[in-house]
Amino acid sequence: MLLVHPGVASMGKFVLPPSRALTGIPGFDELTSGLPRGRTTLVVGGPGCGKSILALQTLVEGARRWKEPGIFVAFEESAAQIVANAEAFEWDLTTLQRKKLFFLDAHLPCTTLQSGPFDVTGLLAGLSAKAKQMGAKRIVFDGLDVLLSQLDDPVAERREVHRIHEWLATSGFTGILTAKSDGETSTPSRRFGFLQYLADCVVSLNHRLVAGIAVRHLRILKYRGGSASTNELPMIISDRGLEVGYFDETLEYPASTKRISSGVLVLDNMLGGGFFRATCTLISGAPGTAKSTLAGAFADAACRRGEPTLYVSFDESGAQIVRNLRSVRLALGSHIRSGLLVMHSVSARSRSSEEHLLQIRSLIEKHHVRCLVVDPLSALPDATADHEARGSIERLISSSKRSGITILATSLLANANAIGESTAVGISTIADTWIHLSYNVQGGERNRALTIVKSRGMGHSNQVRELVLTRSGVTLTDVYTSGGDVLMGTLRWEKEEQDRAALIPERREAEALRRGLEASIAETTARIEELTRDLGGKATELERLGSERSNDTESKTRRTGRIRGLRRFRASGPEKQPDRPGNAKRA
Amino acid sequence: MRKEPAAADGGTRKTKLVLRLYVAGSGPNSAAALSNLRDLLAVRSGDEDPVEFEVVNVLREAARAFEDSVIVSPTLVRLHPLPVVRIVGTLCDHEAVRLALGLPK
């Protein structure tokens with residue numbers, strides 16, 4: 001399935017306003033809401049800026065997604081070259097070419113002799129016929145300047161451009177003309193300057209070096225009847241074609257009250273229940289303060305909850321991170337295999353911060369990421385020009401928060417305990433929670449200390465904790481203060497042992513008291529039992545006495561009569577005791 | 001960018017000439033080209049060699065123009081003798097056109 005930005009995807013479902021034709025270029029349509037339909041759009045830029053790609057992508061996406069076949073008129077390169085170049089993209093031109101795309105070779109062979117002025121009437125007539133045959137709606141004139149410059153007559157050139165412009169308007173085609181600009185400037189060469197006045201939409205592309213890294217930009221110079229931003233926007237060329245770094249700059253997003261675990265139980269408790277969902281947490285600290293470990297714990301917790309997670313690393317390979325975290329019992333490997341965790345390791349210097357951002361964003365969309373780790377985020381401003389990177393980072397964070405993604409970013413500080421370092425502050429203002437890690441060197445040891453510097457909207461512990469990494473996992477322990485010093489590591493352990501030792505006499509006493517009480521209870525219980533037994537015995541006796549008396553009277557009377565009968569002569573004799581059940585004493 | 005085709009030797013050899021002119025109706029450039037070509041061929045009228053000459057109106061036969069890779073109008077193509085020679089424009093530079101087509105002065 002074709003991956004699209006949510007905005008574009010939703011727009012594709014609705015009936016388009018008749019005045020706009022979507023390009024399908026991520027970011028571009030959100031910026032402009034499409035090209036003016038039935039009008040001329042001019043794309044200008046120096047060599048290698050992506051003019052032809054922009055034009056071709058508009059045709060390809062139009063044909064694929066909006067059933068608008070297109071014609072590509074190539075004045076500069078041969079059609080075969082254009083198709084070959086587009087192989088790099090996931091566009092499947094060969095399939096489209098059968099019905100929905102037509103490439104016209106329109107470059108004059110160099111052996112062609114020119115004598116006097118010519119015009120493009122014939123070309124347009126041919127295009128009209130072809131367009132009618134295939135139902136084309138979009139037409140690209142790529143490198144028109146190459147053909148027209150052969151006229152070598154400004155007036156004639158202008159006339160031909162007008163001719164094309166009018167032809168597009170009358171036939172209702174959405175047209176894109178591409179033209180070269182003079183060197184580094186974003187305006188078309190003086191020769192075609194008037195094109196800008198003629199066209200309804202002018203898009204300028206450029207390509208320049210910022211701190212030694214090539215950065216592409218796109219700018220809408222003009223848009224009749226539109227209110228598109230005229231700011232310069234970063235742009236990248238990926239395997240899907242162009243992508244424009246357009247972001248909704250408003251800081252409007254819902255604030256979640258749901259909490260998610262940081263992956264470290266004690267840290268969750270310090271924060272009063274974990275991070276808020278869709279917030280950004282920054283972990284700053286010097287090298288080796290276990291920033292990546294905390295990041296790994298967060299990623300692990302996210303995957304355990306079943307949330308797709310993206311781990312962006314600017315300084316380590318994915319395999320290395322997985323191996324390292326295994327030492328603190330974080331098994332990220334299984335999450336990678338299950339597809340929940342995606343590791344994206346790339347050198348920060350390899351491209352502009354904006355390209356990184358767009359790449360991260362497309363990964364987020366591809367994997368429906370819910371939690372994002374960027375480790376370290378500070379690599380971006382370190383590698384590229386600061387203000388550029390700051391903008392990219394802000395956009396990454398705000399767009400992620402808007403999509404409900406929870407971010408954990410780390411920031412490397414050169415100075416171990418300098419919270420106030422400028423870079424960190426720059427990044428930290430956009431973080432909702434800032435956790436600082438530092439070293440505490442004491443008693444010949446270097447221990448890791450964790451502080452929550454700020455945490456928006458949640459009560460949090462003000463205590464410094466010791467971060468303890470063991471084979472069984474990551475945890476935080478309370479630290480001891482002794483005479484104004486914070487005790488960590490072995491000193492803390494010793495203090496804990498002391499405290500334990502101090503408890504021993506107390507415990508013994510309590511034990512003795514407990515035993516005494518237990519004995520006393522046992523004794524009392526035994527007495528109660530005895531008395532109960534006694535009581536039971538007496539009650540039985542009493543009952544027995546009552547029934548025995550009546551029985552005895554009756555049997556005695558009978559017996560007396562019988563004896564009397566037997567003896568006849570004796571009025572009384574010795575009595576025989578009959579067996580009486582219930583007479584045995586009960587236990 | 002004017003380049004002399006390799007067919008300049010045609011002037012002395014008696015070869016059948018096959019020409020095709022693509023015009024866009026009676027547009028100014030096309031009309032001028034037709035007129036210029038007629039002038040050029042008229043000079044040659046004394047010659048016994050036959051000239052096959054066809055005019056294609058691309059406004060009526062658009063598909064044919066595309067098939068023959070004709071982009072601009074007017075375009076004159078010399079189909080015979082080989083190599084194929086293409087000349088675009090109004091053919092106002094008679095000298096150059098004559099050389100390119102291999103016509104005698």
# chains A, B, ... in the order shown; residues from 1 in each chain; ligands from 1
call {"tool": "residues_around", "arguments": {"residues": "Leu59 (chain B)", "least_positions_apart": "6", "cutoff": "7 Å", "atoms": "only C-alpha atoms", "output": "count of residues only"}}
result
4
call {"tool": "residues_around", "arguments": {"residues": "region 27-32 of chain B", "least_positions_apart": "4", "cutoff": "7 Å", "atoms": "only C-alpha atoms", "output": "compact mmCIF listing (two decimals) with N, CA and C atoms, in the first residue's frame"}}
result
# COMPACT_ATOMS: atom_id res chain seq x y z
N PRO A 117 12.35 31.71 -37.36
CA PRO A 117 11.53 31.38 -36.21
C PRO A 117 10.59 30.19 -36.45
N PHE A 118 10.25 29.51 -35.36
CA PHE A 118 9.28 28.40 -35.44
C PHE A 118 8.31 28.57 -34.27
N VAL B 23 3.61 21.63 -41.54
CA VAL B 23 3.17 22.99 -41.22
C VAL B 23 2.00 22.92 -40.26
N ASN B 36 9.07 30.20 -48.66
CA ASN B 36 10.53 30.14 -48.82
C ASN B 36 10.95 28.88 -49.55
N SER B 73 6.74 23.50 -35.37
CA SER B 73 6.30 23.77 -36.73
C SER B 73 6.81 25.16 -37.11
N PRO B 74 7.24 25.37 -38.35
CA PRO B 74 7.37 24.34 -39.40
C PRO B 74 8.66 23.53 -39.27
N THR B 90 11.37 29.11 -40.41
CA THR B 90 10.72 29.63 -41.62
C THR B 90 11.57 29.45 -42.88
call {"tool": "select_by_dssp", "arguments": {"residues": "region 156-360 of chain A", "states": "alpha helix (DSSP H)", "output": "PyMOL selection string"}}
result
chain A and resi 156-171+193-198+265-270+291-304+318-326+332-338+353-360
call {"tool": "residues_around", "arguments": {"residues": "Phe89 (chain A)", "least_positions_apart": "6", "cutoff": "7 Å", "atoms": "only C-alpha atoms", "output": "ChimeraX atom specification"}}
result
/A:239-241
call {"tool": "interface_residues", "arguments": {"of": "chain B", "to": "chain A", "cutoff": "9 Å", "atoms": "only C-alpha atoms", "output": "ChimeraX atom specification"}}
result
/B:1-5,22-25,27,29-30,33,57-66,69-75,85-94,96-97,100
call {"tool": "atom_distance", "arguments": {"atom1": "CA of Ile82 (chain A)", "atom2": "CA of Trp66 (chain A)"}}
result
22.3 Å
call {"tool": "residues_around", "arguments": {"residues": "region 364-370 of chain A", "least_positions_apart": "3", "cutoff": "6 Å", "atoms": "only C-alpha atoms", "output": "number ranges by chain"}}
result
A: 307-309, 361, 405
call {"tool": "atom_distance", "arguments": {"atom1": "CA of Gly272 (chain A)", "atom2": "CA of Leu450 (chain A)"}}
result
15.6 Å
call {"tool": "residues_around", "arguments": {"residues": "Tyr480 (chain A)", "least_positions_apart": "6", "cutoff": "9 Å", "atoms": "only C-alpha atoms", "output": "short mmCIF file (atom, residue, chain, number, x, y, z; two decimals) with N, CA and C atoms, in the first residue's frame"}}
result
data_model
loop_
_atom_site.label_atom_id
_atom_site.label_comp_id
_atom_site.auth_asym_id
_atom_site.auth_seq_id
_atom_site.Cartn_x
_atom_site.Cartn_y
_atom_site.Cartn_z
N VAL A 486 26.00 13.94 49.93
CA VAL A 486 25.11 12.90 49.43
C VAL A 486 25.94 11.63 49.31
N LEU A 487 25.47 10.57 49.92
CA LEU A 487 26.24 9.33 49.88
C LEU A 487 25.72 8.42 48.79
N MET A 488 26.63 7.90 48.00
CA MET A 488 26.23 7.00 46.93
C MET A 488 27.16 5.81 46.89
N LEU A 491 29.57 3.97 49.77
CA LEU A 491 29.30 4.76 50.98
C LEU A 491 27.85 4.61 51.40
N ARG A 492 26.97 4.62 50.39
CA ARG A 492 25.56 4.45 50.69
C ARG A 492 25.32 3.07 51.27
N LYS A 495 26.39 2.88 54.75
CA LYS A 495 25.45 3.59 55.62
C LYS A 495 24.21 2.72 55.85
N GLU A 496 23.80 2.07 54.79
CA GLU A 496 22.65 1.19 54.91
C GLU A 496 22.94 0.06 55.89
#
call {"tool": "residues_around", "arguments": {"residues": "Gly50 (chain A)", "least_positions_apart": "2", "cutoff": "9 Å", "atoms": "only C-alpha atoms", "output": "PyMOL selection string"}}
result
chain A and resi 45-48+52-55+205-206+237+242
call {"tool": "residues_around", "arguments": {"residues": "Val43 (chain A)", "least_positions_apart": "4", "cutoff": "8 Å", "atoms": "only C-alpha atoms", "output": "list in words"}}
result
Lys51, Ile176, Leu177, Thr178, Ala179, Val202, Val203, Ser204 and Leu205 of chain A
call {"tool": "write_last_selection", "arguments": {"atoms": "N, CA and C atoms", "output": "PDB file, in the first residue's frame"}}
result
ATOM      1  N   LYS A  51      13.397  19.608 -10.099  1.00  0.00           N
ATOM      2  CA  LYS A  51      12.281  20.162 -10.877  1.00  0.00           C
ATOM      3  C   LYS A  51      11.532  19.057 -11.609  1.00  0.00           C
ATOM      4  N   ILE A 176       2.424  21.980 -15.881  1.00  0.00           N
ATOM      5  CA  ILE A 176       3.622  22.331 -15.121  1.00  0.00           C
ATOM      6  C   ILE A 176       4.733  22.621 -16.122  1.00  0.00           C
ATOM      7  N   LEU A 177       5.303  23.795 -16.035  1.00  0.00           N
ATOM      8  CA  LEU A 177       6.467  24.121 -16.854  1.00  0.00           C
ATOM      9  C   LEU A 177       7.665  24.142 -15.929  1.00  0.00           C
ATOM     10  N   THR A 178       8.737  23.539 -16.345  1.00  0.00           N
ATOM     11  CA  THR A 178       9.939  23.663 -15.526  1.00  0.00           C
ATOM     12  C   THR A 178      10.955  24.499 -16.292  1.00  0.00           C
ATOM     13  N   ALA A 179      11.696  25.301 -15.551  1.00  0.00           N
ATOM     14  CA  ALA A 179      12.712  26.148 -16.182  1.00  0.00           C
ATOM     15  C   ALA A 179      13.887  26.306 -15.239  1.00  0.00           C
ATOM     16  N   VAL A 202       4.031  29.747  -8.815  1.00  0.00           N
ATOM     17  CA  VAL A 202       5.459  29.628  -9.076  1.00  0.00           C
ATOM     18  C   VAL A 202       6.118  28.940  -7.879  1.00  0.00           C
ATOM     19  N   VAL A 203       6.785  27.831  -8.169  1.00  0.00           N
ATOM     20  CA  VAL A 203       7.461  27.071  -7.127  1.00  0.00           C
ATOM     21  C   VAL A 203       8.954  27.176  -7.381  1.00  0.00           C
ATOM     22  N   SER A 204       9.696  27.575  -6.378  1.00  0.00           N
ATOM     23  CA  SER A 204      11.138  27.691  -6.535  1.00  0.00           C
ATOM     24  C   SER A 204      11.823  26.612  -5.706  1.00  0.00           C
ATOM     25  N   LEU A 205      12.770  25.933  -6.326  1.00  0.00           N
ATOM     26  CA  LEU A 205      13.513  24.887  -5.625  1.00  0.00           C
ATOM     27  C   LEU A 205      14.968  25.306  -5.543  1.00  0.00           C
TER      28      LEU A 205
END
call {"tool": "atom_distance", "arguments": {"atom1": "CA of Ser347 (chain A)", "atom2": "CA of Glu316 (chain A)"}}
result
8.6 Å
